[in-house]
$ cat my_file00.csv   # CSV, C-alpha atoms
chain,number,residue,atom,x,y,z
A,598,MET,CA,25.3,-53.4,-46.1
A,599,ALA,CA,24.5,-57.1,-45.9
A,600,GLU,CA,23.4,-58.6,-42.6
A,601,TYR,CA,25.5,-61.3,-41.0
A,602,PRO,CA,23.4,-64.1,-39.6
A,603,ASN,CA,24.9,-66.6,-37.1
A,604,THR,CA,25.1,-69.9,-39.0
A,605,GLY,CA,26.0,-71.9,-35.9
A,606,ASN,CA,28.3,-71.7,-32.9
A,607,ILE,CA,31.8,-73.2,-33.4
A,608,ASP,CA,35.1,-72.6,-31.8
A,609,THR,CA,37.7,-70.6,-33.7
A,610,ARG,CA,40.5,-73.1,-32.9
A,611,SER,CA,38.6,-75.6,-35.1
A,612,GLY,CA,38.9,-73.0,-37.9
A,613,PHE,CA,42.7,-73.2,-37.4
A,614,GLY,CA,42.6,-77.0,-37.5
A,615,VAL,CA,40.6,-77.1,-40.7
A,616,GLY,CA,42.8,-74.5,-42.3
A,617,LEU,CA,46.0,-76.4,-41.3
A,618,SER,CA,44.6,-79.6,-42.7
A,619,HIS,CA,43.9,-77.8,-46.0
A,620,LEU,CA,47.5,-76.6,-46.1
A,621,GLY,CA,48.8,-80.1,-45.4
A,622,LYS,CA,47.2,-81.2,-48.6
A,623,THR,CA,48.0,-78.2,-50.7
A,624,ASN,CA,51.4,-76.9,-49.5
A,625,PRO,CA,54.1,-79.6,-49.1
A,626,ARG,CA,56.4,-77.0,-47.3
A,627,VAL,CA,54.1,-76.6,-44.4
A,628,VAL,CA,55.1,-78.4,-41.2
A,629,ALA,CA,53.4,-78.4,-37.8
A,630,LEU,CA,54.8,-78.4,-34.3
A,631,CYS,CA,52.8,-78.8,-31.1
A,632,ALA,CA,53.7,-78.6,-27.4
A,633,ASP,CA,51.6,-81.6,-26.0
A,634,LEU,CA,48.2,-80.0,-26.9
A,635,THR,CA,47.4,-81.7,-30.3
A,636,GLY,CA,43.8,-82.2,-29.5
A,637,SER,CA,43.2,-78.8,-28.0
A,638,LEU,CA,44.8,-77.1,-31.0
A,639,LYS,CA,42.8,-79.3,-33.4
A,640,MET,CA,46.0,-80.5,-35.1
A,641,SER,CA,45.1,-84.2,-35.0
A,642,ASP,CA,44.0,-84.4,-38.6
A,643,PHE,CA,47.3,-82.9,-39.8
A,644,LYS,CA,49.2,-85.3,-37.6
A,645,LYS,CA,47.3,-88.3,-38.9
A,646,ASN,CA,47.6,-87.4,-42.6
A,647,HIS,CA,51.2,-86.0,-42.6
A,648,PRO,CA,53.1,-87.8,-39.8
A,649,ASN,CA,56.5,-87.0,-41.4
A,650,ARG,CA,55.7,-83.3,-41.2
A,651,PHE,CA,54.4,-83.2,-37.6
A,652,PHE,CA,56.6,-82.8,-34.6
A,653,GLN,CA,55.3,-83.3,-31.0
A,654,VAL,CA,57.9,-81.6,-28.9
A,655,GLY,CA,56.1,-82.1,-25.6
A,656,ILE,CA,55.9,-79.5,-22.8
A,657,ALA,CA,58.9,-77.6,-24.1
A,658,GLU,CA,57.6,-74.5,-25.7
A,659,ALA,CA,60.9,-72.7,-25.9
A,660,ASN,CA,62.5,-75.6,-27.6
A,661,MET,CA,59.5,-75.7,-30.1
A,662,MET,CA,60.2,-72.1,-31.1
A,663,GLY,CA,63.9,-72.8,-31.6
A,664,ILE,CA,63.1,-75.9,-33.7
A,665,ALA,CA,60.6,-73.9,-35.8
A,666,ALA,CA,63.2,-71.2,-36.4
A,667,GLY,CA,65.7,-73.8,-37.6
A,668,LEU,CA,63.2,-75.5,-39.9
A,669,THR,CA,62.8,-72.2,-41.9
A,670,ILE,CA,66.4,-72.4,-42.9
A,671,GLY,CA,65.7,-75.5,-44.8
A,672,GLY,CA,62.8,-73.8,-46.6
A,673,TRP,CA,60.0,-75.3,-44.4
A,674,ILE,CA,57.0,-73.2,-43.2
A,675,PRO,CA,56.5,-74.1,-39.6
A,676,PHE,CA,53.2,-73.6,-37.8
A,677,THR,CA,53.6,-73.9,-34.0
A,678,GLY,CA,50.6,-74.7,-31.8
A,679,THR,CA,50.0,-74.2,-28.1
A,680,PHE,CA,47.9,-72.0,-25.8
A,681,ALA,CA,48.3,-68.2,-26.2
A,682,ASN,CA,49.9,-67.8,-22.8
A,683,PHE,CA,52.6,-70.4,-23.6
A,684,SER,CA,53.0,-69.1,-27.2
A,685,THR,CA,54.0,-65.7,-26.1
A,686,GLY,CA,54.8,-65.0,-22.4
A,687,ARG,CA,56.6,-68.2,-21.7
A,688,VAL,CA,58.7,-68.0,-24.8
A,689,TYR,CA,59.1,-64.3,-25.5
A,690,ASP,CA,62.9,-64.4,-25.4
A,691,GLN,CA,63.1,-67.3,-27.9
A,692,ILE,CA,60.6,-65.5,-30.3
A,693,ARG,CA,62.5,-62.3,-30.1
A,694,GLN,CA,66.0,-63.7,-30.5
A,695,SER,CA,65.5,-66.7,-32.8
A,696,ILE,CA,62.4,-65.7,-34.9
A,697,ALA,CA,61.7,-61.9,-35.0
A,698,TYR,CA,65.3,-60.6,-34.9
A,699,SER,CA,66.2,-62.5,-38.1
A,700,GLY,CA,62.7,-62.4,-39.7
A,701,LYS,CA,62.2,-66.2,-39.7
A,702,ASN,CA,59.2,-67.4,-41.5
A,703,VAL,CA,57.5,-69.0,-38.5
A,704,LYS,CA,53.7,-68.9,-37.9
A,705,ILE,CA,53.0,-68.8,-34.2
A,706,CYS,CA,49.4,-70.1,-33.8
A,707,ALA,CA,47.9,-69.5,-30.4
A,708,SER,CA,44.7,-70.9,-29.0
A,709,HIS,CA,42.8,-70.3,-25.7
A,710,ALA,CA,43.4,-66.5,-25.7
A,711,GLY,CA,41.6,-64.0,-23.5
A,712,ILE,CA,39.2,-64.4,-20.6
A,713,THR,CA,36.8,-66.6,-22.6
A,714,LEU,CA,39.2,-69.4,-21.9
A,715,GLY,CA,37.0,-69.5,-18.8
A,716,GLU,CA,37.4,-71.8,-15.9
A,717,ASP,CA,41.1,-72.3,-16.3
A,718,GLY,CA,41.6,-68.9,-14.6
A,719,ALA,CA,44.0,-66.0,-14.7
A,720,THR,CA,47.2,-68.1,-15.1
A,721,HIS,CA,46.0,-69.2,-18.5
A,722,GLN,CA,43.9,-66.2,-19.6
A,723,ILE,CA,46.6,-64.1,-21.2
A,724,LEU,CA,45.3,-60.6,-21.9
A,725,GLU,CA,48.6,-58.9,-22.9
A,726,ASP,CA,49.7,-61.2,-25.8
A,727,ILE,CA,48.8,-58.8,-28.6
A,728,GLY,CA,50.8,-56.1,-27.0
A,729,LEU,CA,53.8,-58.4,-26.5
A,730,MET,CA,53.8,-59.5,-30.1
A,731,LYS,CA,53.0,-56.3,-31.9
A,732,MET,CA,56.0,-54.6,-30.3
A,733,LEU,CA,58.3,-57.1,-32.1
A,734,PRO,CA,59.7,-55.5,-35.2
A,735,GLY,CA,58.5,-57.3,-38.4
A,736,MET,CA,55.9,-59.4,-36.5
A,737,THR,CA,52.4,-59.5,-38.1
A,738,VAL,CA,49.6,-59.9,-35.6
A,739,ILE,CA,46.2,-61.4,-36.6
A,740,ASN,CA,43.1,-61.9,-34.4
A,741,PRO,CA,40.2,-63.4,-36.5
A,742,CYS,CA,36.5,-63.2,-35.4
A,743,ASP,CA,35.0,-66.6,-36.1
A,744,PHE,CA,35.5,-70.1,-37.6
A,745,ASN,CA,35.4,-69.1,-41.2
A,746,GLN,CA,37.8,-66.2,-40.8
A,747,THR,CA,40.2,-68.2,-38.7
A,748,LYS,CA,40.3,-70.9,-41.4
A,749,ALA,CA,40.9,-68.3,-44.1
A,750,ALA,CA,43.6,-66.5,-42.0
A,751,THR,CA,45.4,-69.8,-41.4
A,752,ILE,CA,45.6,-70.5,-45.1
A,753,ALA,CA,46.6,-66.9,-45.9
A,754,ILE,CA,49.5,-66.7,-43.6
A,755,ALA,CA,51.3,-69.6,-45.3
A,756,ASP,CA,51.8,-67.4,-48.3
A,757,HIS,CA,53.1,-64.4,-46.2
A,758,GLN,CA,56.8,-64.2,-45.9
A,759,GLY,CA,57.9,-63.4,-42.3
A,760,PRO,CA,56.8,-64.2,-38.7
A,761,VAL,CA,53.1,-64.1,-37.9
A,762,TYR,CA,51.2,-64.3,-34.6
A,763,LEU,CA,47.7,-65.8,-35.2
A,764,ARG,CA,45.4,-65.6,-32.1
A,765,PHE,CA,42.2,-67.6,-31.6
A,766,GLY,CA,40.0,-69.0,-28.9
A,767,ARG,CA,38.5,-72.0,-27.1
A,768,PRO,CA,34.8,-71.3,-26.7
A,769,LYS,CA,32.1,-71.8,-29.3
A,770,VAL,CA,31.1,-68.5,-30.8
A,771,PRO,CA,28.8,-67.4,-33.7
A,772,ASN,CA,30.1,-68.2,-37.2
A,773,PHE,CA,28.8,-65.3,-39.2
A,774,THR,CA,31.3,-64.5,-42.0
A,775,THR,CA,30.9,-66.3,-45.3
A,776,ALA,CA,33.2,-69.1,-46.3
A,777,ASP,CA,34.1,-67.3,-49.5
A,778,MET,CA,34.8,-63.9,-48.0
A,779,GLY,CA,38.5,-64.3,-48.4
A,780,PHE,CA,41.3,-62.9,-46.2
A,781,THR,CA,43.7,-60.1,-47.0
A,782,ILE,CA,46.4,-59.5,-44.3
A,783,GLY,CA,46.3,-55.8,-43.2
A,784,LYS,CA,42.9,-55.0,-44.7
A,785,GLY,CA,39.9,-54.4,-42.4
A,786,ILE,CA,36.3,-55.2,-43.4
A,787,LYS,CA,33.4,-52.8,-43.1
A,788,LEU,CA,30.5,-54.9,-41.9
A,789,LYS,CA,27.9,-52.2,-41.4
A,790,GLU,CA,27.5,-48.7,-42.7
A,791,GLY,CA,26.8,-45.9,-40.3
A,792,ASN,CA,27.3,-42.2,-39.6
A,793,SER,CA,26.8,-41.7,-35.8
A,794,ILE,CA,29.7,-43.6,-34.4
A,795,THR,CA,32.5,-45.9,-35.6
A,796,ILE,CA,32.8,-49.2,-33.7
A,797,VAL,CA,36.1,-51.0,-34.5
A,798,ALA,CA,36.3,-54.5,-33.1
A,799,THR,CA,38.6,-57.6,-33.3
A,800,GLY,CA,38.2,-61.3,-32.4
A,801,HIS,CA,35.1,-62.4,-30.5
A,802,LEU,CA,34.1,-58.8,-30.0
A,803,VAL,CA,33.2,-58.3,-33.6
A,804,TRP,CA,30.0,-60.4,-33.2
A,805,GLU,CA,29.2,-58.5,-29.9
A,806,SER,CA,29.6,-55.2,-31.8
A,807,LEU,CA,27.3,-56.3,-34.6
A,808,GLN,CA,24.6,-57.2,-32.1
A,809,ALA,CA,25.1,-53.9,-30.3
A,810,SER,CA,24.8,-52.0,-33.6
A,811,ASP,CA,21.3,-53.5,-34.1
A,812,ILE,CA,20.2,-52.4,-30.7
A,813,LEU,CA,21.6,-48.9,-31.3
A,814,ARG,CA,19.9,-48.6,-34.6
A,815,HIS,CA,16.5,-49.1,-32.9
A,816,GLU,CA,17.5,-46.2,-30.6
A,817,GLY,CA,18.3,-43.9,-33.4
A,818,ILE,CA,22.1,-44.3,-33.5
A,819,SER,CA,23.7,-45.4,-36.7
A,820,ALA,CA,26.9,-47.4,-35.9
A,821,GLU,CA,29.5,-48.2,-38.5
A,822,VAL,CA,31.0,-51.6,-37.6
A,823,ILE,CA,34.5,-52.5,-38.8
A,824,ASN,CA,36.2,-55.8,-38.3
A,825,ILE,CA,40.0,-55.3,-37.8
A,826,HIS,CA,41.4,-58.8,-37.9
A,827,THR,CA,44.9,-57.7,-38.5
A,828,ILE,CA,46.2,-55.5,-35.7
A,829,LYS,CA,49.6,-55.2,-37.2
A,830,PRO,CA,49.9,-53.8,-39.8
A,831,ILE,CA,46.8,-51.8,-39.0
A,832,ASP,CA,44.5,-50.7,-41.8
A,833,GLU,CA,44.7,-47.0,-41.3
A,834,GLU,CA,42.7,-46.1,-44.4
A,835,ILE,CA,39.5,-47.8,-43.4
A,836,ILE,CA,39.6,-46.3,-39.9
A,837,LEU,CA,40.4,-42.8,-41.0
A,838,LYS,CA,37.7,-42.8,-43.7
A,839,SER,CA,35.1,-43.9,-41.1
A,840,VAL,CA,36.0,-41.5,-38.3
A,841,LYS,CA,36.1,-38.5,-40.7
A,842,LYS,CA,32.4,-39.3,-41.3
A,843,THR,CA,31.3,-40.2,-37.8
A,844,GLY,CA,33.5,-38.0,-35.6
A,845,CYS,CA,34.0,-40.6,-32.8
A,846,ILE,CA,35.2,-44.1,-32.3
A,847,LEU,CA,34.7,-47.0,-29.9
A,848,THR,CA,37.3,-49.9,-30.0
A,849,ALA,CA,36.3,-53.3,-28.7
A,850,GLU,CA,38.7,-56.2,-27.9
A,851,GLU,CA,39.2,-59.1,-25.5
A,852,HIS,CA,42.5,-57.9,-24.4
A,853,ASN,CA,44.1,-55.5,-21.9
A,854,PHE,CA,43.4,-51.8,-22.6
A,855,HIS,CA,47.2,-51.4,-22.5
A,856,GLY,CA,48.9,-52.5,-25.7
A,857,GLY,CA,45.9,-53.7,-27.6
A,858,LEU,CA,43.9,-52.7,-30.6
A,859,GLY,CA,42.5,-49.5,-29.0
A,860,GLU,CA,46.0,-48.1,-28.2
A,861,THR,CA,47.1,-49.0,-31.8
A,862,ILE,CA,44.2,-47.0,-33.2
A,863,ALA,CA,44.7,-44.2,-30.7
A,864,GLY,CA,48.2,-43.8,-32.1
A,865,VAL,CA,46.9,-43.6,-35.7
A,866,LEU,CA,44.3,-41.0,-34.8
A,867,SER,CA,46.7,-38.8,-32.7
A,868,ARG,CA,49.0,-38.6,-35.7
A,869,LYS,CA,46.5,-38.2,-38.5
A,870,HIS,CA,42.9,-37.3,-37.4
A,871,PRO,CA,42.2,-36.9,-33.6
A,872,VAL,CA,38.6,-37.7,-32.6
A,873,ILE,CA,36.9,-38.7,-29.4
A,874,GLN,CA,37.7,-42.3,-28.5
A,875,ARG,CA,36.5,-44.8,-25.9
A,876,TYR,CA,37.5,-48.4,-25.2
A,877,ILE,CA,35.9,-51.8,-24.5
A,878,ALA,CA,38.8,-53.8,-23.1
A,879,THR,CA,40.0,-55.2,-19.8
A,880,ASN,CA,41.4,-52.4,-17.6
A,881,ASP,CA,44.9,-53.3,-16.4
A,882,THR,CA,43.8,-56.5,-14.7
A,883,PHE,CA,44.2,-60.2,-14.7
A,884,GLY,CA,41.2,-62.5,-15.3
A,885,GLU,CA,39.7,-65.1,-13.0
A,886,SER,CA,37.9,-68.4,-13.1
A,887,GLY,CA,34.3,-68.4,-14.5
A,888,THR,CA,32.3,-69.2,-17.5
A,889,PRO,CA,33.1,-67.2,-20.6
A,890,LEU,CA,29.7,-65.5,-20.5
A,891,GLU,CA,30.1,-64.6,-16.8
A,892,LEU,CA,33.5,-63.2,-17.4
A,893,MET,CA,32.5,-61.2,-20.5
A,894,LYS,CA,29.8,-59.5,-18.4
A,895,LYS,CA,32.0,-58.9,-15.4
A,896,TYR,CA,34.8,-57.4,-17.4
A,897,GLU,CA,32.3,-55.3,-19.4
A,898,LEU,CA,33.1,-56.8,-22.8
A,899,ALA,CA,29.6,-57.9,-23.8
A,900,GLN,CA,27.2,-56.3,-26.2
A,901,ASP,CA,25.2,-54.4,-23.6
A,902,ASN,CA,28.5,-52.7,-22.5
A,903,ILE,CA,29.2,-51.7,-26.1
A,904,VAL,CA,25.7,-50.2,-26.4
A,905,THR,CA,26.1,-48.2,-23.2
A,906,LYS,CA,29.5,-46.8,-24.1
A,907,SER,CA,28.4,-46.0,-27.6
A,908,LYS,CA,25.5,-44.0,-26.4
A,909,GLU,CA,27.7,-42.1,-23.9
A,910,LEU,CA,30.2,-41.4,-26.7
A,911,VAL,CA,27.6,-40.1,-29.1
A,912,ALA,CA,26.1,-37.9,-26.4
A,913,LEU,CA,29.6,-36.5,-25.6
A,914,LYS,CA,30.3,-35.9,-29.3
A,915,ASN,CA,27.0,-34.0,-29.7
A,916,LYS,CA,27.5,-31.7,-26.7

$ encode --input "my_file00.csv" --output "structure tokens"
Amino acid sequence: MAEYPNTGNIDTRSGFGVGLSHLGKTNPRVVALCADLTGSLKMSDFKKNHPNRFFQVGIAEANMMGIAAGLTIGGWIPFTGTFANFSTGRVYDQIRQSIAYSGKNVKICASHAGITLGEDGATHQILEDIGLMKMLPGMTVINPCDFNQTKAATIAIADHQGPVYLRFGRPKVPNFTTADMGFTIGKGIKLKEGNSITIVATGHLVWESLQASDILRHEGISAEVINIHTIKPIDEEIILKSVKKTGCILTAEEHNFHGGLGETIAGVLSRKHPVIQRYIATNDTFGESGTPLELMKKYELAQDNIVTKSKELVALKNK
């Protein structure tokens, strides 16, 4: 498989902003709504170039979701923008009742997710949003890994009929996927071939998993790395094909163990092909204030933790 070099660190929220700007020029039905965080969500370019299709609703996130739902009735494709905590937990009732229940074509775009939000602390570092959103019937849940993939995902969801939750982050992270890779909702991407262990990762943890796989290779462990950018609907085929070869799986995510990618995959495996599984995720806890790197290490989400758990898992499989 091809290697994936880091072409520069850039925040995934900028990928959303560039993707939204592209849609502003190419899709006249796309409108954008923001809850007083235009700069943080990188929506300024869309606002400048398409002022008649941009709505600043202020710090009124529940109202924003209601407006977005109403706009779909007129044939518009609304993209809402605010922090992940305010995009889900604060407005869950409005999303459930006004958007998901009737399958409204709203794209809920959420920045500053996970503990890598950093110094803003636990009140803003939502780690349960994937679980909240994937439980809603008909909701598509997407968590891209870098700038290029976030841009591609933003463009792709405009053509998808139905509600979407698009999750991305604040910190600058390696940009390693190619600009022309494309994006297919519901289809995972095998980044590295291997036969000792399957590592399935989402979001920022994809890069950490790739780095871990290089370390493991030098220690005689061949890790297959799969990027699952769409958590719902999950790509069962790519996961099952891999674990039937490797016999064990490690899932990696910047999210609570409960309700995230790992539990989704555990459900698939329990029904179709049980294998040994371990998890890289936060363990039923809130976050805290700190730098993204400090928090990744403290909550055991960094590449060295992936290496350690992979070695333990392979040893357990080989007993």

$ closest_residue --input "my_file00.csv" --among "A:Glu833, A:Asp633, A:Glu658, A:Asp756" --to "Arg868 in chain A" --atoms "all atoms listed in the file"
A:Glu833

$ closest_residue --input "my_file00.csv" --among "A:Val628, A:Ala719, A:Ala899, A:Ile727" --to "Ala809 in chain A" --atoms "only C-alpha atoms"
A:Ala899

$ residues_near_point --input "my_file00.csv" --point "(36.5, -65.7, -48.3)" --cutoff "8 Å" --atoms "only C-alpha atoms" --output "PyMOL selection string"
chain A and resi 745-746+749+775-780

$ atom_distance --input "my_file00.csv" --atom1 "CA of Ala665 in chain A" --atom2 "CA of Thr751 in chain A"
16.7 Å

$ closest_residue --input "my_file00.csv" --among "A:Ser810, A:Asn646, A:Ser618, A:Ser886" --to "Phe676 in chain A" --atoms "only C-alpha atoms"
A:Ser618

$ closest_residue --input "my_file00.csv" --among "A:Leu724, A:Cys845, A:Val803, A:Leu898" --to "Asp881 in chain A" --atoms "only C-alpha atoms"
A:Leu724

$ closest_residue --input "my_file00.csv" --among "A:Arg610, A:Lys704, A:His619, A:Arg814" --to "Thr635 in chain A" --atoms "only C-alpha atoms"
A:Arg610

$ residues_near_point --input "my_file00.csv" --point "(52.4, -61.6, -36.3)" --cutoff "10 Å" --atoms "all atoms listed in the file" --output "list in words"
Ala697, Val703, Lys704, Ile705, Cys706, Ile727, Met730, Lys731, Met732, Leu733, Pro734, Gly735, Met736, Thr737, Val738, Ile739, Asn740, Ile754, Gly759, Pro760, Val761, Tyr762, Leu763, Arg764, Thr827, Ile828, Lys829 and Pro830 of chain A

$ atom_distance --input "my_file00.csv" --atom1 "CA of Asn660 in chain A" --atom2 "CA of Gly800 in chain A"
28.6 Å

$ closest_residue --input "my_file00.csv" --among "A:Lys906, A:Lys748, A:Arg767, A:His647" --to "Thr795 in chain A" --atoms "all atoms listed in the file"
A:Lys906
